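Just run_39.txt here, compact mmCIF, C-alpha atoms (C1' of nucleotides):
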# COMPACT_ATOMS: atom_id res chain seq x y z
CA MET A 31 -44.35 14.59 27.66
CA ARG A 32 -45.93 14.10 30.99
CA LEU A 33 -49.21 12.28 31.31
CA THR A 34 -51.35 13.13 34.29
CA THR A 35 -54.96 13.77 35.10
CA LYS A 36 -54.38 17.47 34.72
CA GLY A 37 -54.10 17.13 30.98
CA ARG A 38 -57.23 15.02 30.95
CA PHE A 39 -59.16 17.75 32.72
CA ALA A 40 -57.97 20.30 30.24
CA VAL A 41 -58.83 18.16 27.25
CA THR A 42 -62.24 17.39 28.66
CA ALA A 43 -62.93 21.07 29.21
CA MET A 44 -61.71 21.97 25.75
CA ILE A 45 -63.99 19.39 24.21
CA ASP A 46 -66.82 20.90 26.16
CA VAL A 47 -66.05 24.35 24.81
CA ALA A 48 -65.79 22.92 21.32
CA MET A 49 -69.17 21.24 21.65
CA TYR A 50 -71.11 24.05 23.25
CA GLY A 51 -69.35 27.00 21.68
CA GLY A 52 -71.59 27.13 18.66
CA ASN A 53 -73.46 30.24 19.67
CA GLY A 54 -71.27 32.59 21.60
CA PRO A 55 -68.65 32.12 24.26
CA VAL A 56 -68.87 29.33 26.77
CA THR A 57 -68.66 30.33 30.38
CA LEU A 58 -66.47 28.39 32.73
CA ALA A 59 -69.36 28.15 35.13
CA ALA A 60 -71.23 26.13 32.53
CA VAL A 61 -68.25 23.89 31.88
CA SER A 62 -67.84 23.43 35.59
CA ALA A 63 -71.46 22.39 35.99
CA ARG A 64 -71.46 20.04 33.03
CA GLN A 65 -68.12 18.41 33.59
CA ARG A 66 -68.03 18.56 37.36
CA ILE A 67 -64.71 20.29 37.43
CA SER A 68 -64.07 22.94 40.04
CA LEU A 69 -64.59 26.41 38.65
CA SER A 70 -61.40 27.76 40.15
CA TYR A 71 -59.39 24.89 38.79
CA LEU A 72 -60.84 25.57 35.38
CA GLU A 73 -59.82 29.19 35.77
CA GLN A 74 -56.24 28.13 36.34
CA LEU A 75 -56.28 25.79 33.40
CA PHE A 76 -57.90 28.26 31.05
CA GLY A 77 -55.46 30.92 32.12
CA LYS A 78 -52.74 28.72 30.70
CA LEU A 79 -54.78 27.76 27.67
CA ARG A 80 -55.38 31.42 26.94
CA ARG A 81 -51.73 32.36 27.32
CA SER A 82 -50.89 29.53 24.98
CA GLY A 83 -53.23 30.96 22.38
CA LEU A 84 -55.63 28.03 22.36
CA VAL A 85 -58.67 29.97 23.55
CA ASP A 86 -59.85 33.56 23.45
CA SER A 87 -61.65 35.16 26.33
CA VAL A 88 -64.56 37.57 26.18
CA ARG A 89 -65.11 39.59 29.27
CA GLY A 90 -68.27 41.00 30.69
CA PRO A 91 -71.80 39.68 30.60
CA GLY A 92 -72.33 37.19 27.84
CA GLY A 93 -68.63 36.56 27.88
CA GLY A 94 -66.71 33.37 28.26
CA TYR A 95 -64.21 31.42 26.23
CA ASN A 96 -64.03 30.58 22.55
CA LEU A 97 -61.59 28.34 20.80
CA ALA A 98 -58.93 30.52 19.27
CA LYS A 99 -58.66 28.21 16.30
CA ALA A 100 -60.90 25.77 14.54
CA SER A 101 -61.40 22.60 16.52
CA ASP A 102 -59.60 20.61 13.86
CA GLN A 103 -56.59 22.84 14.32
CA ILE A 104 -56.18 22.10 18.01
CA SER A 105 -54.59 18.82 18.98
CA VAL A 106 -54.61 17.01 22.26
CA ALA A 107 -50.88 17.57 22.41
CA ASP A 108 -51.41 21.32 22.23
CA VAL A 109 -53.75 21.22 25.18
CA ILE A 110 -51.56 18.99 27.30
CA LEU A 111 -48.47 21.01 26.58
CA ALA A 112 -50.29 24.16 27.58
CA VAL A 113 -51.27 22.95 31.03
CA ASP A 114 -48.72 20.27 31.91
CA GLU A 115 -45.27 21.67 32.15
CA PRO A 116 -42.54 19.60 30.57
CA ILE A 117 -41.50 16.70 32.68
CA ASP A 118 -37.81 17.18 32.80
CA ALA A 119 -35.09 19.64 32.04
CA THR A 120 -32.27 17.12 32.17
CA GLN A 121 -30.88 17.31 28.73
CA CYS A 122 -28.20 14.77 28.78
CA GLY A 123 -25.71 16.46 26.59
CA GLY A 124 -25.81 19.21 29.14
CA ARG A 125 -23.94 20.61 31.96
CA GLU A 126 -24.52 19.61 35.47
CA ASN A 127 -26.62 16.53 35.38
CA CYS A 128 -24.74 13.83 33.63
CA HIS A 129 -21.47 13.77 35.44
CA ASP A 130 -18.19 12.82 33.83
CA ASP A 131 -18.51 13.10 30.12
CA HIS A 132 -20.52 9.99 29.55
CA ARG A 133 -23.52 10.16 27.38
CA CYS A 134 -26.84 9.50 28.94
CA MET A 135 -27.82 5.92 28.55
CA THR A 136 -31.54 6.37 28.31
CA HIS A 137 -31.31 9.52 26.26
CA ASP A 138 -32.30 7.81 23.06
CA LEU A 139 -35.05 5.88 24.73
CA TRP A 140 -36.84 8.87 26.17
CA THR A 141 -36.31 10.99 23.15
CA SER A 142 -37.87 8.32 21.03
CA LEU A 143 -40.64 7.78 23.52
CA ASN A 144 -41.45 11.44 23.78
CA ASP A 145 -41.44 11.85 20.05
CA HIS A 146 -43.71 8.91 19.57
CA ILE A 147 -46.27 9.92 22.14
CA PHE A 148 -46.15 13.51 21.02
CA ALA A 149 -46.73 12.50 17.43
CA PHE A 150 -49.68 10.43 18.43
CA LEU A 151 -51.29 13.15 20.49
CA SER A 152 -50.56 15.73 17.85
CA GLY A 153 -52.60 13.69 15.43
CA VAL A 154 -55.71 13.73 17.58
CA THR A 155 -57.73 16.94 17.23
CA LEU A 156 -60.59 18.27 19.26
CA ALA A 157 -62.77 18.03 16.18
CA GLN A 158 -62.19 14.30 16.00
CA LEU A 159 -63.07 13.90 19.63
CA VAL A 160 -66.20 15.97 19.33
CA ARG A 161 -67.27 13.93 16.36
CA GLN A 162 -66.91 10.78 18.41
CA GLN A 163 -69.32 12.00 21.02
CA PRO A 164 -72.89 10.76 21.06
CA GLN A 165 -74.78 13.93 20.34
CA ARG A 166 -77.12 13.98 23.24
CA GLY A 167 -79.08 17.12 23.79
CA GLU A 168 -78.33 18.45 27.16
CA THR A 169 -75.58 18.00 29.64
CA THR A 170 -73.34 15.22 28.53
CA VAL A 171 -71.00 14.34 31.30
CA LEU A 172 -67.60 13.53 30.04
CA GLN A 173 -65.67 11.86 32.75
CA ASP A 174 -65.08 12.31 36.38
CA HIS A 175 -61.36 12.26 36.81
CA ARG A 176 -61.43 12.39 40.54
CA ARG A 177 -59.65 9.61 42.25
CA ALA A 178 -61.89 6.91 43.58
CA PRO A 179 -62.28 6.83 47.34
CA ALA A 180 -59.67 4.81 49.16
CA GLY A 181 -61.96 2.08 50.31
CA ALA A 182 -63.50 1.48 46.92
CA PRO A 183 -63.37 -2.02 45.51
CA LYS A 184 -60.39 -2.18 43.27
CA GLU A 185 -61.43 -4.15 40.27
CA PRO A 186 -58.82 -3.29 37.68
CA ALA A 187 -60.21 -1.02 35.06
CA PRO A 188 -59.02 -2.19 31.67
CA GLU A 189 -58.29 1.31 30.52
CA ALA A 190 -56.52 2.36 33.67
CA VAL A 191 -53.17 1.25 32.46
CA MET B 295 -50.49 4.70 31.70
CA ARG B 296 -48.83 7.32 33.77
CA LEU B 297 -45.53 8.78 32.68
CA THR B 298 -43.31 10.20 35.38
CA THR B 299 -39.67 10.21 36.33
CA LYS B 300 -40.29 7.28 38.65
CA GLY B 301 -40.65 4.94 35.73
CA ARG B 302 -37.51 6.38 34.20
CA PHE B 303 -35.54 5.56 37.32
CA ALA B 304 -36.84 2.03 37.29
CA VAL B 305 -36.03 1.52 33.64
CA THR B 306 -32.58 2.97 34.11
CA ALA B 307 -31.91 0.63 37.00
CA MET B 308 -33.23 -2.37 35.12
CA ILE B 309 -30.98 -1.58 32.20
CA ASP B 310 -28.10 -1.44 34.63
CA VAL B 311 -28.96 -4.88 35.99
CA ALA B 312 -29.29 -6.20 32.47
CA MET B 313 -25.90 -4.82 31.52
CA TYR B 314 -23.95 -5.84 34.58
CA GLY B 315 -25.78 -9.04 35.47
CA GLY B 316 -23.63 -11.26 33.31
CA ASN B 317 -21.80 -12.92 36.16
CA GLY B 318 -23.94 -13.27 39.22
CA PRO B 319 -26.48 -11.02 40.88
CA VAL B 320 -26.16 -7.27 40.79
CA THR B 321 -26.25 -5.50 44.09
CA LEU B 322 -28.35 -2.43 44.53
CA ALA B 323 -25.40 -0.67 46.08
CA ALA B 324 -23.58 -1.02 42.78
CA VAL B 325 -26.56 0.25 40.84
CA SER B 326 -26.86 3.13 43.24
CA ALA B 327 -23.23 4.07 42.77
CA ARG B 328 -23.31 3.77 39.01
CA GLN B 329 -26.62 5.43 38.35
CA ARG B 330 -26.62 7.89 41.20
CA ILE B 331 -29.95 6.75 42.51
CA SER B 332 -30.56 6.62 46.23
CA LEU B 333 -30.13 3.10 47.59
CA SER B 334 -33.31 3.18 49.61
CA TYR B 335 -35.27 4.40 46.65
CA LEU B 336 -33.89 1.55 44.63
CA GLU B 337 -34.93 -0.84 47.36
CA GLN B 338 -38.47 0.42 47.14
CA LEU B 339 -38.51 0.16 43.38
CA PHE B 340 -36.98 -3.30 43.33
CA GLY B 341 -39.43 -4.45 45.96
CA LYS B 342 -42.15 -3.71 43.46
CA LEU B 343 -40.19 -5.14 40.57
CA ARG B 344 -39.65 -8.33 42.52
CA ARG B 345 -43.29 -8.64 43.50
CA SER B 346 -44.17 -8.15 39.85
CA GLY B 347 -41.93 -11.03 38.90
CA LEU B 348 -39.48 -8.99 36.85
CA VAL B 349 -36.45 -9.67 39.03
CA ASP B 350 -35.31 -12.39 41.40
CA SER B 351 -33.45 -11.62 44.57
CA VAL B 352 -30.57 -13.51 46.15
CA ARG B 353 -29.94 -12.75 49.79
CA GLY B 354 -26.77 -12.85 51.71
CA PRO B 355 -23.23 -12.04 50.68
CA GLY B 356 -22.72 -12.25 46.97
CA GLY B 357 -26.43 -11.71 46.59
CA GLY B 358 -28.30 -9.10 44.66
CA TYR B 359 -30.83 -9.04 41.87
CA ASN B 360 -31.10 -10.94 38.64
CA LEU B 361 -33.55 -10.42 35.86
CA ALA B 362 -36.29 -12.99 36.25
CA LYS B 363 -36.62 -13.32 32.50
CA ALA B 364 -34.39 -12.79 29.53
CA SER B 365 -33.80 -9.16 28.80
CA ASP B 366 -35.65 -9.46 25.52
CA GLN B 367 -38.68 -10.70 27.42
CA ILE B 368 -38.96 -7.62 29.62
CA SER B 369 -40.48 -4.52 28.13
CA VAL B 370 -40.37 -0.96 29.29
CA ALA B 371 -44.11 -1.18 29.81
CA ASP B 372 -43.60 -4.05 32.24
CA VAL B 373 -41.20 -2.00 34.30
CA ILE B 374 -43.31 1.12 34.35
CA LEU B 375 -46.44 -0.78 35.23
CA ALA B 376 -44.62 -2.42 38.11
CA VAL B 377 -43.51 0.78 39.78
CA ASP B 378 -45.98 3.44 38.63
CA GLU B 379 -49.40 2.76 39.97
CA PRO B 380 -52.24 3.16 37.51
CA ILE B 381 -53.18 6.72 36.96
CA ASP B 382 -56.84 6.57 37.54
CA ALA B 383 -59.53 4.29 38.77
CA THR B 384 -62.35 6.17 37.11
CA GLN B 385 -63.83 3.64 34.85
CA CYS B 386 -66.52 5.46 33.11
CA GLY B 387 -69.05 2.75 32.81
CA GLY B 388 -68.87 2.56 36.52
CA ARG B 389 -70.71 3.45 39.57
CA GLU B 390 -70.10 6.61 41.40
CA ASN B 391 -68.05 8.71 39.11
CA CYS B 392 -70.03 9.36 35.99
CA HIS B 393 -73.32 10.59 37.31
CA ASP B 394 -76.59 10.05 35.51
CA ASP B 395 -76.26 7.28 33.05
CA HIS B 396 -74.30 9.13 30.44
CA ARG B 397 -71.32 7.52 28.93
CA CYS B 398 -68.00 9.12 29.54
CA MET B 399 -67.09 11.44 26.76
CA THR B 400 -63.37 10.98 26.85
CA HIS B 401 -63.56 7.27 27.48
CA ASP B 402 -62.67 6.36 23.95
CA LEU B 403 -59.94 8.92 23.78
CA TRP B 404 -58.08 7.76 26.81
CA THR B 405 -58.59 4.13 26.07
CA SER B 406 -57.12 4.65 22.66
CA LEU B 407 -54.34 6.77 24.04
CA ASN B 408 -53.45 4.30 26.72
CA ASP B 409 -53.50 1.44 24.28
CA HIS B 410 -51.28 3.25 21.88
CA ILE B 411 -48.68 4.27 24.42
CA PHE B 412 -48.80 0.90 26.06
CA ALA B 413 -48.29 -0.84 22.76
CA PHE B 414 -45.31 1.31 22.02
CA LEU B 415 -43.68 0.73 25.38
CA SER B 416 -44.47 -2.95 25.22
CA GLY B 417 -42.50 -3.14 22.03
CA VAL B 418 -39.34 -1.80 23.60
CA THR B 419 -37.38 -4.42 25.51
CA LEU B 420 -34.47 -4.08 27.86
CA ALA B 421 -32.38 -6.05 25.42
CA GLN B 422 -32.92 -3.44 22.74
CA LEU B 423 -31.95 -0.68 25.10
CA VAL B 424 -28.84 -2.47 26.26
CA ARG B 425 -27.84 -3.02 22.68
CA GLN B 426 -28.11 0.69 22.02
CA GLN B 427 -25.66 1.54 24.72
CA PRO B 428 -22.10 2.41 23.84
CA GLN B 429 -20.22 -0.45 25.42
CA ARG B 430 -17.81 1.47 27.55
CA GLY B 431 -15.92 -0.52 30.06
CA GLU B 432 -16.55 0.86 33.43
CA THR B 433 -19.25 2.92 34.98
CA THR B 434 -21.50 4.23 32.30
CA VAL B 435 -23.74 6.82 33.76
CA LEU B 436 -27.19 6.63 32.36
CA GLN B 437 -29.00 9.76 33.17
CA ASP B 438 -29.52 11.98 36.09
CA HIS B 439 -33.24 12.42 36.38
CA ARG B 440 -33.09 14.97 39.11
CA ARG B 441 -34.75 18.20 38.37
CA ALA B 442 -32.50 21.02 37.37
CA PRO B 443 -32.04 23.73 39.98
CA ALA B 444 -34.62 26.46 39.93
CA GLY B 445 -32.34 29.20 38.80
CA ALA B 446 -30.90 27.29 35.90
CA PRO B 447 -31.14 28.85 32.48
CA LYS B 448 -34.22 27.49 30.86
CA GLU B 449 -33.30 26.82 27.31
CA PRO B 450 -35.96 24.42 26.13
CA ALA B 451 -34.61 20.96 25.74
CA PRO B 452 -35.89 19.47 22.53
CA GLU B 453 -36.58 16.15 24.15
CA ALA B 454 -38.29 17.57 27.19
CA VAL B 455 -41.68 17.46 25.64
C1' DC C 58 -74.13 56.28 35.41
C1' DC C 59 -74.24 52.08 37.82
C1' DA C 60 -75.16 47.49 39.09
C1' DT C 61 -74.40 43.06 37.33
C1' DT C 62 -71.96 39.73 34.92
C1' DA C 63 -67.87 37.44 34.07
C1' DG C 64 -62.98 37.11 33.16
C1' DT C 65 -58.16 37.86 35.69
C1' DT C 66 -55.04 37.45 39.18
C1' DG C 67 -52.88 35.96 43.28
C1' DA C 68 -52.54 33.81 47.66
C1' DC C 69 -53.60 29.99 50.20
C1' DT C 70 -54.93 25.16 51.44
C1' DA C 71 -55.19 19.74 51.87
C1' DA C 72 -53.86 15.83 49.86
C1' DA C 73 -50.91 13.00 47.07
C1' DT C 74 -46.64 11.85 45.02
C1' DC C 75 -41.54 11.98 44.61
C1' DG C 76 -37.19 11.18 46.11
C1' DT C 77 -34.61 10.52 50.10
C1' DT C 78 -32.94 9.29 54.76
C1' DC C 79 -32.99 6.48 58.76
C1' DG C 80 -33.48 2.45 61.59
C1' DG C 81 -34.31 -1.68 62.13
C1' DG C 82 -34.99 -6.51 60.69
C1' DT C 83 -33.77 -11.42 58.26
C1' DA C 84 -31.40 -14.75 55.35
C1' DT C 85 -26.97 -16.52 53.85
C1' DA C 86 -21.98 -17.16 52.72
C1' DC C 87 -17.56 -17.50 54.65
C1' DG D 193 -21.00 -15.28 64.25
C1' DT D 194 -20.06 -11.69 61.58
C1' DA D 195 -20.28 -9.25 57.38
C1' DT D 196 -23.18 -8.84 53.42
C1' DA D 197 -27.15 -7.86 51.25
C1' DC D 198 -32.04 -8.09 50.78
C1' DC D 199 -36.39 -6.65 53.26
C1' DC D 200 -39.58 -3.53 55.58
C1' DG D 201 -41.66 0.58 57.31
C1' DA D 202 -41.72 5.14 59.20
C1' DA D 203 -40.75 9.70 58.45
C1' DC D 204 -39.31 13.76 55.87
C1' DG D 205 -39.07 18.05 52.59
C1' DA D 206 -40.21 19.36 48.12
C1' DT D 207 -43.26 19.44 44.47
C1' DT D 208 -47.61 18.73 42.18
C1' DT D 209 -52.66 18.32 42.26
C1' DA D 210 -56.99 19.96 42.93
C1' DG D 211 -59.65 23.15 44.97
C1' DT D 212 -60.97 27.55 47.65
C1' DC D 213 -61.20 32.43 48.57
C1' DA D 214 -60.88 37.17 47.77
C1' DA D 215 -59.99 41.23 45.27
C1' DC D 216 -59.77 43.34 40.90
C1' DT D 217 -60.97 44.75 36.03
C1' DA D 218 -63.70 45.07 31.97
C1' DA D 219 -68.00 45.24 29.55
C1' DT D 220 -72.95 45.04 29.14
C1' DG D 221 -77.86 46.37 30.22
C1' DG D 222 -80.91 49.31 31.96

Just give me the structure of the file as C-alpha cells.
Amino acid sequence: MRLTTKGRFAVTAMIDVAMYGGNGPVTLAAVSARQRISLSYLEQLFGKLRRSGLVDSVRGPGGGYNLAKASDQISVADVILAVDEPIDATQCGGRENCHDDHRCMTHDLWTSLNDHIFAFLSGVTLAQLVRQQPQRGETTVLQDHRRAPAGAPKEPAPEAV
Amino acid sequence: MRLTTKGRFAVTAMIDVAMYGGNGPVTLAAVSARQRISLSYLEQLFGKLRRSGLVDSVRGPGGGYNLAKASDQISVADVILAVDEPIDATQCGGRENCHDDHRCMTHDLWTSLNDHIFAFLSGVTLAQLVRQQPQRGETTVLQDHRRAPAGAPKEPAPEAV
DNA sequence: CCATTAGTTGACTAAATCGTTCGGGTATAC
DNA sequence: GTATACCCGAACGATTTAGTCAACTAATGG
C-alpha cells in the first residue's frame, strides 16, 4: 500500500461525485472547478477508476460519471488501489531479489503493515466521508493538495505526518 | 505519513545496526554489504537519522553508528519520519490553499488516517523486529527493495498491496 | 442530419523524488 | 601520517507526479 497525494486526489474527487451525483452524472469539468484539480489529471484518474469498476461513464451531452456502486460499498482502499499502483513487486520468497536462500528480514513487518493499513482503509467508505461533510449548499472545496510554494513559512502542520 | 521504499530502506538498515551493534559501532560499509544498499545512499539516510537523534556516530577507525537509544525505544515511525519528509504542507485551515473560507472536506479523513497509521508504526519497535528475525549466524539478507525488472512476470504478490 | 457536448485515448511536458555514483572533505586510532 | 570511517554536496538516470494538448468517438438536441 503506497500512500501519496495521488490517492488523496482520487478520494477527494470520488467524494465529490458521491456528493453531487444525486441527479444525473457528474461531469469532470464540474469536479475540476469545485475541487481545483486539473481536468486532464482527473481524466487520467477516472480512466483508472472506471477500469477498476468503481465508476460508470455516460457519454454525450448530459453525461459524466456515476458511482458504479453505492457509496457505502466503495472504500478508500478501493480508490487508492485503483489509482496508485502497488508499491513493490519484491516478494521475498521469490526469485531474483533476495539473494542466497535467506528469508527476507522485513517481510513480516511489511506484510503486517500493509495488512493493517489496508484493513483500516477498507473500513472507511465514501458514504462515511460524505456524511462527515458539512452540507453547505454550493461549491464546497475539499482540499488543495498542491504542494506549498518553496518559500512558504514552514510551520509544521499537525496532520502532515 | 508517506509510505515509500525509502522508509523501508531506512528501517532495514536500522534493524541491521540493532542486530550487529552488540560490540562497538556498526560501519555503513558493513550494512551496505549485508543489506545490498548503496553506501552513499546509506550515508544520506544516516545523516538524517543522526540529525534526528536516532543514531550516534563515531568517527575514525573502528567508528561507525550506534543506536542513540535502546532498540525498544525506537519505533518504525521514528525512522520513517526521519528520512521521509512529510507528504504535504497543505493544512486546510490555512492560508493560500483552501480558497474561500470553506473547511477542507478531507481534512478529517486524512487526519484520522495519518493518526491511525502513525499510531500503528509507533507501536512497532526495532527490538520487536529484531526479535522476529531468525537468528542465523552470518549475513542475513533482509530484503531487496529494488524494483523488479520491467519484463518480469507479474504475478500479484499478496503483500504488495 | 449535424453541431454540440462530453467521455476516451495517447503523447508529451516540467517538476519532484528515488536510488546511485563520484569527489572531495574532516576527525580519529594506530 | 596514514588508513579508516564519517561527513558533505553535486550530479545523474529512472520513475512518478501533475498537468497540458490534441485527436477521436459516442450521444443528444434541434

Given a cut-off of 10 Å, which residues of chain A touch chain C, counting all atoms listed in the file, written out as a JSON list (two decimals) with C-alpha atoms, in the frame of the given file?
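part24.json, freshly written:
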[["chain", "number", "residue", "atom", "x", "y", "z"],
["A", 57, "THR", "CA", -68.66, 30.33, 30.38],
["A", 58, "LEU", "CA", -66.47, 28.39, 32.73],
["A", 59, "ALA", "CA", -69.36, 28.15, 35.13],
["A", 73, "GLU", "CA", -59.82, 29.19, 35.77],
["A", 74, "GLN", "CA", -56.24, 28.13, 36.34],
["A", 77, "GLY", "CA", -55.46, 30.92, 32.12],
["A", 87, "SER", "CA", -61.65, 35.16, 26.33],
["A", 88, "VAL", "CA", -64.56, 37.57, 26.18],
["A", 89, "ARG", "CA", -65.11, 39.59, 29.27],
["A", 90, "GLY", "CA", -68.27, 41.00, 30.69],
["A", 91, "PRO", "CA", -71.80, 39.68, 30.60],
["A", 92, "GLY", "CA", -72.33, 37.19, 27.84],
["A", 93, "GLY", "CA", -68.63, 36.56, 27.88],
["A", 94, "GLY", "CA", -66.71, 33.37, 28.26],
["A", 95, "TYR", "CA", -64.21, 31.42, 26.23]]

Chain D contacts to chain A at 8 Å (all atoms listed in the file) as a VMD selection string: chain D and resid 209 to 212 218 to 220

Point-to-point distance in Å for CA of Val320 in chain B and CA of Ala371 in chain B: 21.9 Å

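Take the candidates B:Gly417, B:Ile411, B:Asp350, B:Asp372 and check each one against chain A using all atoms listed in the file; the shortest distance goes to B:Ile411.
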
Nearest to chain A, chosen from B:Ile374, B:Leu420, B:Asn408, B:Ser326, with only C-alpha atoms counted in the distances: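 Closest to chain A of all the choices is B:Asn408.
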
Two-atom distance - CA of Arg64 in chain A, C1' of DC216 in chain D (Å): 27.2 Å

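Between chain A and the residues B:Ala376, B:Ala413, B:Ala312, B:Leu297, the shortest atom-to-atom distance, using only C-alpha atoms, involves B:Leu297.
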